[in-house]
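Have a look at model_6.txt below; it lists compact mmCIF, C-alpha atoms and all ligand atoms.
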```txt
# COMPACT_ATOMS: atom_id res chain seq x y z
CA MET A 141 -2.07 -22.88 18.85
CA THR A 142 -0.23 -22.91 15.52
CA THR A 143 3.53 -22.63 15.75
CA ILE A 144 5.91 -21.95 12.87
CA LEU A 145 9.67 -21.94 13.34
CA ILE A 146 11.82 -20.30 10.66
CA LYS A 147 15.44 -21.44 11.02
CA ASP A 148 18.76 -19.81 10.15
CA ALA A 149 17.55 -16.84 8.15
CA GLN A 150 19.20 -13.52 7.49
CA ILE A 151 16.74 -11.11 9.11
CA VAL A 152 16.57 -7.67 7.51
CA THR A 153 14.32 -5.13 9.16
CA MET A 154 14.13 -1.47 10.01
CA ASN A 155 13.65 -1.94 13.73
CA ARG A 156 14.97 0.56 16.20
CA ASN A 157 18.61 -0.31 15.54
CA GLY A 158 18.23 -1.35 11.92
CA ASP A 159 20.14 -4.53 12.79
CA ILE A 160 20.71 -7.31 10.32
CA ILE A 161 21.04 -10.58 12.19
CA THR A 162 21.11 -14.23 11.35
CA GLY A 163 18.86 -16.41 13.43
CA ASP A 164 15.48 -18.00 13.94
CA ILE A 165 12.00 -16.55 14.15
CA LEU A 166 9.27 -18.22 16.18
CA ILE A 167 5.66 -17.51 15.27
CA GLU A 168 2.88 -18.53 17.62
CA ASN A 169 -0.58 -17.98 16.21
CA ASP A 170 -0.56 -14.49 14.67
CA ARG A 171 2.53 -13.04 16.37
CA ILE A 172 6.32 -13.22 16.46
CA THR A 173 7.11 -14.56 19.94
CA ALA A 174 10.88 -15.02 19.75
CA ILE A 175 13.84 -14.01 17.58
CA GLY A 176 17.30 -15.39 18.24
CA PRO A 177 19.82 -18.09 17.58
CA ASP A 178 18.97 -21.74 18.06
CA LEU A 179 15.34 -21.49 19.05
CA ASN A 180 13.99 -24.91 19.82
CA PRO A 181 10.40 -24.94 20.97
CA ALA A 182 9.14 -28.22 22.35
CA HIS A 183 6.75 -28.40 19.46
CA ALA A 184 6.49 -26.62 16.10
CA ASP A 185 3.73 -27.42 13.64
CA LYS A 186 6.00 -26.39 10.80
CA ILE A 187 9.72 -25.74 10.49
CA ILE A 188 10.96 -23.70 7.52
CA ASN A 189 14.63 -24.10 6.75
CA ALA A 190 15.64 -20.59 5.72
CA LYS A 191 19.37 -21.07 5.44
CA ASN A 192 20.71 -18.64 2.82
CA ARG A 193 17.35 -16.93 2.74
CA THR A 194 16.48 -13.37 3.71
CA ILE A 195 13.43 -12.46 5.78
CA ILE A 196 11.91 -8.99 5.51
CA PRO A 197 8.80 -7.42 7.01
CA GLY A 198 5.89 -7.71 4.56
CA PHE A 199 5.52 -4.61 2.41
CA ILE A 200 2.75 -2.14 3.22
CA GLN A 201 1.25 -0.43 0.17
CA THR A 202 -0.75 2.63 1.10
CA HIS A 203 -2.49 3.22 -2.25
CA ILE A 204 -4.04 0.42 -4.32
CA HIS A 205 -7.17 -0.02 -6.48
CA LEU A 206 -7.92 -3.75 -6.55
CA CYS A 207 -10.99 -3.15 -8.72
CA GLN A 208 -8.71 -1.92 -11.53
CA THR A 209 -6.55 -5.06 -11.81
CA LEU A 210 -8.51 -6.32 -14.81
CA PHE A 211 -8.08 -3.00 -16.64
CA ARG A 212 -4.34 -3.38 -17.14
CA GLY A 213 -3.38 -2.35 -20.68
CA LYS A 214 -6.45 -0.15 -21.11
CA GLY A 215 -5.41 3.45 -21.63
CA ASP A 216 -1.68 3.00 -21.46
CA ASP A 217 -0.72 6.38 -22.92
CA LEU A 218 -3.10 8.93 -21.45
CA GLU A 219 -2.86 11.56 -18.74
CA LEU A 220 -5.04 11.49 -15.63
CA MET A 221 -8.31 13.21 -16.54
CA ASP A 222 -8.54 11.66 -20.03
CA TRP A 223 -7.53 8.29 -18.61
CA LEU A 224 -10.32 8.47 -16.02
CA LYS A 225 -13.02 9.80 -18.36
CA LYS A 226 -12.23 7.73 -21.44
CA ARG A 227 -11.12 4.48 -19.85
CA ILE A 228 -11.26 3.92 -16.12
CA TRP A 229 -14.69 5.28 -15.22
CA PRO A 230 -16.49 3.43 -18.05
CA LEU A 231 -14.62 0.26 -17.09
CA GLU A 232 -15.47 0.64 -13.40
CA ALA A 233 -19.09 1.20 -14.42
CA SER A 234 -19.05 -2.13 -16.27
CA HIS A 235 -18.08 -4.15 -13.17
CA ASP A 236 -20.51 -6.69 -11.78
CA GLU A 237 -20.28 -8.72 -8.58
CA GLU A 238 -18.28 -11.49 -10.17
CA SER A 239 -15.81 -9.31 -12.11
CA ILE A 240 -14.98 -7.18 -9.08
CA TYR A 241 -14.40 -10.29 -6.97
CA TYR A 242 -11.96 -11.72 -9.53
CA SER A 243 -10.30 -8.36 -10.13
CA ALA A 244 -9.64 -8.12 -6.38
CA MET A 245 -8.51 -11.75 -6.07
CA LEU A 246 -6.07 -11.46 -9.00
CA GLY A 247 -4.65 -8.21 -7.64
CA ILE A 248 -4.22 -9.72 -4.18
CA GLY A 249 -2.49 -12.74 -5.73
CA GLU A 250 0.07 -10.47 -7.39
CA LEU A 251 0.57 -8.49 -4.20
CA ILE A 252 1.11 -11.53 -2.01
CA GLN A 253 3.44 -13.10 -4.57
CA SER A 254 5.57 -9.98 -4.47
CA GLY A 255 5.74 -9.81 -0.68
CA THR A 256 3.05 -7.23 0.10
CA THR A 257 1.12 -8.11 3.24
CA THR A 258 -0.94 -4.95 3.92
CA ILE A 259 -2.78 -2.63 1.53
CA VAL A 260 -4.82 0.53 1.68
CA ASP A 261 -7.32 -0.06 -1.11
CA MET A 262 -9.98 1.99 -2.85
CA GLU A 263 -12.79 0.21 -4.70
CA THR A 264 -15.39 1.55 -7.13
CA VAL A 265 -18.93 2.85 -6.48
CA HIS A 266 -20.73 -0.51 -6.63
CA HIS A 267 -20.18 -4.13 -5.55
CA THR A 268 -17.50 -3.32 -2.97
CA ASP A 269 -18.90 -6.05 -0.73
CA PHE A 270 -17.47 -8.61 -3.19
CA ALA A 271 -14.01 -7.06 -3.06
CA PHE A 272 -14.16 -7.34 0.73
CA GLN A 273 -15.15 -10.97 0.27
CA ALA A 274 -11.97 -11.56 -1.76
CA ILE A 275 -9.88 -9.72 0.85
CA ALA A 276 -11.40 -11.85 3.60
CA GLU A 277 -10.77 -15.15 1.77
CA SER A 278 -7.23 -14.30 0.65
CA GLY A 279 -5.76 -13.55 4.08
CA ILE A 280 -4.23 -10.18 3.12
CA ARG A 281 -4.33 -7.37 5.68
CA ALA A 282 -6.33 -4.48 4.23
CA LEU A 283 -7.95 -1.15 4.85
CA SER A 284 -10.50 -0.72 2.09
CA GLY A 285 -13.63 1.17 1.17
CA LYS A 286 -16.18 1.92 -1.48
CA VAL A 287 -15.23 4.89 -3.65
CA MET A 288 -17.46 7.95 -3.17
CA MET A 289 -18.46 10.06 -6.20
CA ASP A 290 -21.52 12.23 -5.66
CA LYS A 291 -20.49 14.96 -8.11
CA GLY A 292 -19.07 15.46 -11.61
CA ASP A 293 -20.58 16.05 -15.05
CA GLU A 294 -18.19 13.69 -16.78
CA VAL A 295 -18.89 10.68 -14.55
CA PRO A 296 -20.74 7.94 -16.47
CA PHE A 297 -24.39 7.61 -15.49
CA ALA A 298 -23.81 4.15 -14.02
CA LEU A 299 -21.30 5.54 -11.51
CA GLN A 300 -23.34 8.54 -10.40
CA GLU A 301 -24.63 8.38 -6.86
CA ASN A 302 -26.33 10.79 -4.51
CA THR A 303 -24.82 12.00 -1.28
CA THR A 304 -27.15 10.14 1.07
CA ASP A 305 -26.75 6.78 -0.67
CA SER A 306 -22.99 7.16 -0.91
CA LEU A 307 -22.71 7.79 2.82
CA GLN A 308 -25.25 5.14 3.80
CA GLN A 309 -23.64 2.43 1.65
CA SER A 310 -20.23 3.30 3.09
CA VAL A 311 -21.51 3.02 6.65
CA ASP A 312 -23.26 -0.29 5.86
CA LEU A 313 -19.99 -1.72 4.51
CA LEU A 314 -18.08 -0.33 7.48
CA GLU A 315 -20.46 -1.97 9.92
CA LYS A 316 -20.19 -5.27 8.10
CA TRP A 317 -16.41 -5.41 7.58
CA ASN A 318 -14.55 -3.09 9.94
CA GLY A 319 -12.61 -5.23 12.42
CA HIS A 320 -13.31 -8.50 10.56
CA ASP A 321 -10.95 -11.43 11.34
CA ASP A 322 -9.64 -9.93 14.55
CA GLY A 323 -8.92 -6.56 12.94
CA ARG A 324 -7.15 -7.85 9.82
CA ILE A 325 -9.72 -5.95 7.75
CA GLN A 326 -10.53 -2.31 8.45
CA TYR A 327 -12.81 0.12 6.70
CA ALA A 328 -11.40 3.31 5.16
CA PHE A 329 -13.70 6.01 3.78
CA SER A 330 -12.69 6.61 0.17
CA PRO A 331 -13.94 9.87 -1.36
CA ARG A 332 -12.27 9.57 -4.79
CA PHE A 333 -10.89 13.11 -5.05
CA VAL A 334 -12.16 16.64 -4.49
CA ILE A 335 -13.44 16.87 -8.07
CA SER A 336 -15.90 14.00 -7.57
CA CYS A 337 -17.24 14.90 -4.11
CA THR A 338 -19.61 17.52 -2.77
CA GLU A 339 -18.67 19.62 0.23
CA GLU A 340 -21.58 18.07 2.12
CA LEU A 341 -20.24 14.56 1.53
CA LEU A 342 -16.69 15.48 2.54
CA ARG A 343 -17.86 17.15 5.76
CA GLU A 344 -19.89 14.07 6.70
CA VAL A 345 -16.95 11.77 5.88
CA ARG A 346 -14.90 13.81 8.32
CA ASN A 347 -17.52 13.36 11.05
CA LEU A 348 -17.95 9.64 10.40
CA SER A 349 -14.21 8.96 10.31
CA GLU A 350 -13.96 10.56 13.73
CA GLN A 351 -17.03 8.76 15.07
CA TYR A 352 -15.77 5.33 13.99
CA ASN A 353 -12.05 6.17 14.27
CA VAL A 354 -11.25 4.94 10.75
CA LYS A 355 -9.00 6.27 8.00
CA VAL A 356 -9.93 8.48 5.05
CA HIS A 357 -8.17 7.59 1.81
CA THR A 358 -8.23 9.94 -1.19
CA HIS A 359 -6.17 11.36 -4.09
CA ALA A 360 -4.77 14.89 -4.06
CA SER A 361 -2.52 17.14 -6.12
CA GLU A 362 -1.70 14.48 -8.64
CA ASN A 363 -2.08 16.43 -11.86
CA LEU A 364 -1.97 20.11 -12.85
CA GLY A 365 -5.31 19.88 -14.71
CA GLU A 366 -6.94 18.38 -11.61
CA ILE A 367 -5.57 21.20 -9.43
CA GLU A 368 -6.93 23.81 -11.85
CA ILE A 369 -10.43 22.31 -11.61
CA VAL A 370 -10.26 22.19 -7.80
CA GLN A 371 -9.09 25.81 -7.72
CA ALA A 372 -11.92 26.91 -10.05
CA GLU A 373 -14.59 25.05 -8.05
CA THR A 374 -13.46 25.75 -4.49
CA GLY A 375 -11.19 28.79 -4.82
CA MET A 376 -8.52 26.78 -2.99
CA ARG A 377 -5.77 24.29 -3.54
CA ASN A 378 -6.51 20.62 -2.73
CA VAL A 379 -4.92 20.30 0.69
CA VAL A 380 -6.04 23.75 1.82
CA TYR A 381 -9.63 22.80 0.91
CA LEU A 382 -9.41 19.44 2.72
CA ASP A 383 -8.05 21.26 5.77
CA HIS A 384 -10.83 23.87 5.53
CA LEU A 385 -13.33 20.96 5.79
CA GLY A 386 -11.52 19.50 8.80
CA LEU A 387 -10.23 16.46 6.94
CA ALA A 388 -6.52 17.19 7.29
CA ASN A 389 -5.57 15.11 10.32
CA GLU A 390 -3.66 11.94 11.20
CA ARG A 391 -6.51 9.78 9.87
CA LEU A 392 -6.01 11.10 6.31
CA ILE A 393 -3.98 9.19 3.68
CA LEU A 394 -3.37 11.30 0.57
CA ALA A 395 -2.20 9.57 -2.60
CA HIS A 396 0.29 11.33 -4.91
CA CYS A 397 0.87 14.90 -3.53
CA ILE A 398 3.11 15.86 -6.44
CA TRP A 399 2.33 19.55 -6.81
CA LEU A 400 2.15 20.82 -3.24
CA ASP A 401 2.80 24.46 -2.46
CA GLU A 402 4.46 25.63 0.76
CA GLN A 403 1.16 26.12 2.59
CA GLU A 404 0.01 22.59 1.69
CA LYS A 405 3.28 21.08 2.88
CA ARG A 406 2.93 22.97 6.15
CA ILE A 407 -0.64 21.72 6.64
CA ILE A 408 0.37 18.12 5.91
CA HIS A 409 3.22 18.32 8.37
CA GLU A 410 1.38 20.13 11.15
CA ARG A 411 -1.75 17.99 10.97
CA GLY A 412 0.09 14.66 10.67
CA VAL A 413 -1.45 13.77 7.28
CA HIS A 414 0.13 10.75 5.57
CA VAL A 415 1.36 10.94 1.97
CA SER A 416 1.29 7.86 -0.26
CA HIS A 417 3.93 8.25 -2.95
CA CYS A 418 3.21 6.30 -6.17
CA PRO A 419 6.27 6.74 -8.40
CA GLY A 420 5.29 4.23 -11.11
CA SER A 421 1.85 5.73 -11.56
CA ASN A 422 3.19 9.29 -11.44
CA LEU A 423 5.54 8.52 -14.32
CA LYS A 424 3.10 6.53 -16.43
CA LEU A 425 0.25 9.03 -16.21
CA ALA A 426 2.79 11.82 -16.86
CA SER A 427 1.67 13.39 -13.60
CA GLY A 428 5.07 14.54 -12.34
CA ILE A 429 7.80 13.72 -9.85
CA ALA A 430 6.89 14.17 -6.19
CA GLU A 431 9.37 15.97 -3.96
CA THR A 432 9.85 13.04 -1.61
CA PRO A 433 13.35 13.97 -0.35
CA GLU A 434 12.02 17.38 0.66
CA MET A 435 8.90 15.88 2.30
CA LEU A 436 10.98 13.40 4.30
CA GLY A 437 13.33 16.24 5.25
CA LEU A 438 10.30 18.07 6.69
CA ASP A 439 9.46 14.90 8.66
CA ILE A 440 6.28 14.34 6.66
CA SER A 441 5.04 10.73 6.78
CA VAL A 442 5.64 9.30 3.29
CA SER A 443 4.95 5.69 2.34
CA LEU A 444 4.58 3.88 -0.99
CA GLY A 445 1.86 2.45 -3.20
CA ALA A 446 1.60 0.96 -6.68
CA ASP A 447 -1.83 2.60 -7.33
CA GLY A 448 -3.99 0.49 -9.70
CA ALA A 449 -2.65 -2.05 -12.19
CA PRO A 450 -3.40 0.16 -15.23
CA CYS A 451 -1.40 3.04 -13.67
CA ASN A 452 1.91 1.24 -13.88
CA ASN A 453 1.12 -2.28 -15.09
CA ASN A 454 2.67 -3.81 -12.01
CA LEU A 455 1.64 -4.15 -8.35
CA ASP A 456 5.13 -5.21 -7.31
CA MET A 457 6.57 -3.16 -4.42
CA PHE A 458 10.13 -3.94 -5.51
CA ASN A 459 9.34 -1.90 -8.61
CA GLU A 460 7.98 1.02 -6.59
CA MET A 461 10.95 1.07 -4.21
CA ARG A 462 13.38 1.05 -7.10
CA LEU A 463 11.56 3.83 -8.96
CA ALA A 464 11.20 5.92 -5.78
CA ALA A 465 14.98 5.87 -5.43
CA LEU A 466 15.93 6.20 -9.12
CA ILE A 467 13.70 9.12 -10.11
CA GLN A 468 15.32 11.42 -7.56
CA LYS A 469 18.92 10.71 -8.51
CA PRO A 470 19.32 12.79 -11.70
CA VAL A 471 18.16 15.98 -9.99
CA HIS A 472 18.99 15.53 -6.32
CA GLY A 473 22.07 13.30 -6.48
CA PRO A 474 22.80 9.65 -5.77
CA THR A 475 22.05 9.63 -2.06
CA ALA A 476 18.90 11.81 -1.95
CA MET A 477 16.74 8.70 -1.79
CA ASN A 478 18.96 5.82 -0.83
CA ALA A 479 18.03 2.16 -0.51
CA GLN A 480 17.55 2.32 3.26
CA THR A 481 15.18 5.26 2.94
CA VAL A 482 12.88 3.62 0.40
CA PHE A 483 12.95 0.28 2.24
CA ARG A 484 11.87 2.15 5.37
CA MET A 485 9.02 3.83 3.43
CA ALA A 486 7.91 0.43 2.11
CA THR A 487 7.77 -1.16 5.56
CA ILE A 488 7.68 0.83 8.80
CA GLY A 489 6.64 4.00 6.93
CA GLY A 490 3.52 2.25 5.69
CA ALA A 491 2.82 0.95 9.20
CA ARG A 492 2.93 4.52 10.50
CA ALA A 493 0.47 5.64 7.79
CA VAL A 494 -2.08 2.99 8.75
CA GLY A 495 -1.63 3.71 12.47
CA MET A 496 -0.15 0.28 13.16
CA SER A 497 3.55 0.89 13.79
CA ASP A 498 3.28 -1.03 17.07
CA GLU A 499 1.85 -4.03 15.22
CA ILE A 500 3.43 -4.36 11.76
CA GLY A 501 6.20 -2.91 9.57
CA SER A 502 9.23 -4.50 11.25
CA LEU A 503 10.28 -7.88 12.60
CA GLU A 504 10.18 -7.61 16.38
CA VAL A 505 8.98 -9.82 19.21
CA GLY A 506 5.34 -9.06 19.99
CA LYS A 507 4.48 -7.79 16.52
CA LYS A 508 2.13 -9.47 14.07
CA ALA A 509 3.83 -12.13 11.94
CA ASP A 510 3.60 -10.37 8.54
CA LEU A 511 6.73 -11.20 6.57
CA ALA A 512 8.26 -12.45 3.34
CA ILE A 513 11.08 -14.94 2.84
CA LEU A 514 13.30 -14.10 -0.13
CA ASP A 515 15.81 -16.15 -2.04
CA LEU A 516 18.36 -13.57 -3.14
CA ASN A 517 20.77 -16.16 -4.47
CA ASN A 518 19.48 -15.69 -7.99
CA PHE A 519 21.98 -12.89 -8.44
CA HIS A 520 25.43 -13.68 -9.62
CA THR A 521 27.50 -11.88 -7.06
CA TYR A 522 30.21 -13.40 -4.97
CA PRO A 523 30.62 -13.72 -2.09
CA SER A 524 26.93 -13.02 -1.83
CA TYR A 525 26.67 -11.81 1.75
CA ASP A 526 29.23 -9.04 1.27
CA VAL A 527 26.54 -7.12 -0.62
CA ASP A 528 24.39 -4.87 1.53
CA PRO A 529 21.10 -6.80 1.61
CA ILE A 530 18.93 -3.69 1.58
CA SER A 531 20.66 -2.35 -1.54
CA ARG A 532 20.25 -5.72 -3.09
CA ILE A 533 16.55 -5.89 -2.25
CA VAL A 534 15.86 -2.37 -3.53
CA TYR A 535 17.97 -2.34 -6.69
CA SER A 536 17.92 -5.96 -7.85
CA ALA A 537 15.12 -8.04 -6.34
CA THR A 538 11.83 -8.85 -8.06
CA ARG A 539 8.70 -10.77 -7.30
CA ALA A 540 10.39 -13.93 -8.60
CA ASP A 541 12.65 -13.89 -5.53
CA VAL A 542 9.78 -14.15 -3.03
CA GLU A 543 9.54 -17.71 -1.79
CA THR A 544 7.08 -17.52 1.08
CA THR A 545 4.65 -14.88 2.36
CA ILE A 546 3.17 -15.03 5.85
CA ILE A 547 0.35 -12.75 7.04
CA ASN A 548 -1.05 -12.76 10.56
CA GLY A 549 0.92 -15.95 11.22
CA ARG A 550 -0.64 -17.76 8.24
CA ILE A 551 1.36 -18.99 5.27
CA VAL A 552 -0.51 -17.42 2.35
CA MET A 553 2.05 -18.22 -0.35
CA GLU A 554 4.73 -20.87 -0.55
CA ASN A 555 6.62 -21.02 -3.79
CA ARG A 556 9.77 -22.81 -2.94
CA ILE A 557 11.45 -24.87 -5.57
CA LEU A 558 12.17 -28.21 -3.97
CA ARG A 559 15.88 -28.72 -3.83
CA THR A 560 17.50 -32.05 -3.16
CA VAL A 561 20.66 -30.28 -2.06
CA ASP A 562 20.54 -26.93 -0.25
CA LYS A 563 23.85 -25.51 -1.26
CA ASP A 564 26.00 -23.49 1.09
CA ILE A 565 26.93 -20.35 -0.81
N1 LIG A 601 -7.74 10.31 -9.24
C1 LIG A 601 -9.06 10.03 -9.15
N2 LIG A 601 -9.29 8.73 -9.42
C2 LIG A 601 -8.10 8.16 -9.67
C3 LIG A 601 -7.69 6.83 -9.98
O1 LIG A 601 -8.48 5.91 -10.11
N3 LIG A 601 -6.36 6.67 -10.17
C4 LIG A 601 -5.46 7.68 -10.06
N4 LIG A 601 -4.16 7.44 -10.26
N5 LIG A 601 -5.82 8.92 -9.76
C5 LIG A 601 -7.11 9.18 -9.56
FE FE A 602 -5.15 5.98 -7.41
```
Translate this file's structure into structure tokens.
Ligand code: GUN
Ligand code: FE
Amino acid sequence: MTTILIKDAQIVTMNRNGDIITGDILIENDRITAIGPDLNPAHADKIINAKNRTIIPGFIQTHIHLCQTLFRGKGDDLELMDWLKKRIWPLEASHDEESIYYSAMLGIGELIQSGTTTIVDMETVHHTDFAFQAIAESGIRALSGKVMMDKGDEVPFALQENTTDSLQQSVDLLEKWNGHDDGRIQYAFSPRFVISCTEELLREVRNLSEQYNVKVHTHASENLGEIEIVQAETGMRNVVYLDHLGLANERLILAHCIWLDEQEKRIIHERGVHVSHCPGSNLKLASGIAETPEMLGLDISVSLGADGAPCNNNLDMFNEMRLAALIQKPVHGPTAMNAQTVFRMATIGGARAVGMSDEIGSLEVGKKADLAILDLNNFHTYPSYDVDPISRIVYSATRADVETTIINGRIVMENRILRTVDKDI
């Protein structure tokens, strides 16, 4: 058994009471087994002195494209359909086994360095096995899948696939990776968006997701041009069409959801569909501003994701939390999306979306040990602990403040500057 004892930390989590306490956390193997003052196990393999440090649950990002990490800076000033056709699809088509592996590894490195411990990831058409390889080696918790694109005139030849192959390759990957490393890796079917998928494929994805009890991860209602195409091809709006095919259920994670009408909101709420809000991407691709305060008010499950690196140039969840709060303020007022709300979306909200709220998303005894240790003393405020730590994390923290990241009880990043004197502040 591997035992890690974290001593004297300020523990910030959205558990049932939302308490902020100072104390110790004991990790045995992959789980938190005790939280409290003065824990002293007979034996700890490692003791981390976390005095003046803040521990938070690892962030859960519900919409990521690891395969796009290497495309950062390509197509910085385009809107969605041009960006896909002119830049992203040709670049995805150029991936080989090695480039997708490194793209995934570099993306995961950024995520772990900025305190993200779980992702819902969508790859490209080919070579997804090598992205799974990177996920497996890195230690990150992930739900991932090969993108499915069996339709679309504008798709480059190298990305075109037929329905049978798309489904068969997805099932092969699922059978190889779903449940790997004691469930740290899960498969998620990833039909790219309605525009790129036939009805036959989407119906079969629905059946397979039920058969294997895995998630379906797709984009919807991101851009007005996209919605127009969906309407012309199906006669319906995105979410109505997905519901018509039986896909709108609690296994569905829908990225963006900016331009929902009342019927779509009702379907999402009634069927328990999960929305992944991507504020950085929505701004950069000029897609729009999602109505997150309204969605949360309707008790819709909303979590956060950075999308791909070229969508916002940054996979840092601190950035997404901050943007999610800031973009609502000019129109809906200063408290419409407060720090607590976005911190909840970034942690326990993401856990709910991936169906793991009993396992991750907060720091509680019995849960998986997925957490980040922050040094928030880089800010010049005094006395430091009079500042609400959640406000501080949301409005001021960056990736540079993450000292240690632990996933499944394993230290996957340790970036602590060695200090000869640990000052009391
Ligand atoms: N819609 C379909 N594909 C994509 C993608 O790769 N990124 C974003 N942001 N939206 C999409
Ligand atoms: Fe995306």
Exercise for review: Take the point (-4.6, 4.9, -19.5) as written in the file and pick out every residue within 12 Å of it, counting only C-alpha atoms; give the list as a count of residues only.
Suggested key: 32
Point to revise | Env. residues ligand FE 602 (chain A) / 7 Å / only C-alpha atoms and all ligand atoms / as a PyMOL selection string | key: chain A and resi 203-205+359+395+447-448
Generate the output file for the selected residues, C-alpha atoms, as a tab-separated table (two decimals), in the frame of the given file.
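out28.tsv written:
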```
chain	number	residue	atom	x	y	z
A	203	HIS	CA	-2.49	3.22	-2.25
A	204	ILE	CA	-4.04	0.42	-4.32
A	205	HIS	CA	-7.17	-0.02	-6.48
A	359	HIS	CA	-6.17	11.36	-4.09
A	395	ALA	CA	-2.20	9.57	-2.60
A	447	ASP	CA	-1.83	2.60	-7.33
A	448	GLY	CA	-3.99	0.49	-9.70
```
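When only C-alpha atoms and all ligand atoms are used to compute distances to ligand LIG 601 (chain A), the closest of the residues A:Lys316, A:Arg281, A:His409, A:Arg332 turns out to be A:Arg332.
What separates CA of Ile547 in chain A from CA of Pro419 in chain A is a distance of 25.6 Å.
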Practice item. Find, counting only C-alpha atoms, the residue in A:Pro296, A:Gly198, A:Gly375, A:Gly428 that gets nearest to Met457 in chain A. Key: A:Gly198
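Between Ile187 in chain A and the candidates A:Asp164, A:Leu400, A:Ser497, A:Val442, the tightest atom-to-atom separation, counting all atoms listed in the file, involves A:Asp164.
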With all atoms of range 312-331 of chain A from the file as input, state the centre and edge lengths in Å to one decimal of the axis-aligned box that has 4 Å extra on each side, as AutoDock Vina command-line options.
```
--center_x -15.2 --center_y -0.8 --center_z 6.6 --size_x 24.1 --size_y 29.3 --size_z 23.9
```
Exercise for review: Could you please give me, as a ChimeraX atom specification, the residues of protein, DNA or RNA lying at most 8 Å from (-21.8, 1.7, -11.7) in the coordinate frame of the file, considering all atoms listed in the file?
Suggested key: /A:232-235,264-266,296-300
Check your understanding: Within 10 Å of range 301-315 of chain A, counting only C-alpha atoms, which residues qualify if same-chain residues fewer than 5 places away don't, as a PyMOL selection string?
Key -> chain A and resi 265-266+268-269+272+284-291+295+320+326-331+337-342+344-345+348+352+354
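Each of A:Ala360, A:Gly365, A:Phe519, A:Met496 was checked against Arg324 in chain A using all atoms listed in the file; the smallest atom-to-atom distance is that of A:Met496.
Nearest to ligand LIG 601 (chain A) of all the residues A:Lys355, A:His396, A:Arg539, A:Arg532 is A:His396, based on only C-alpha atoms and all ligand atoms.
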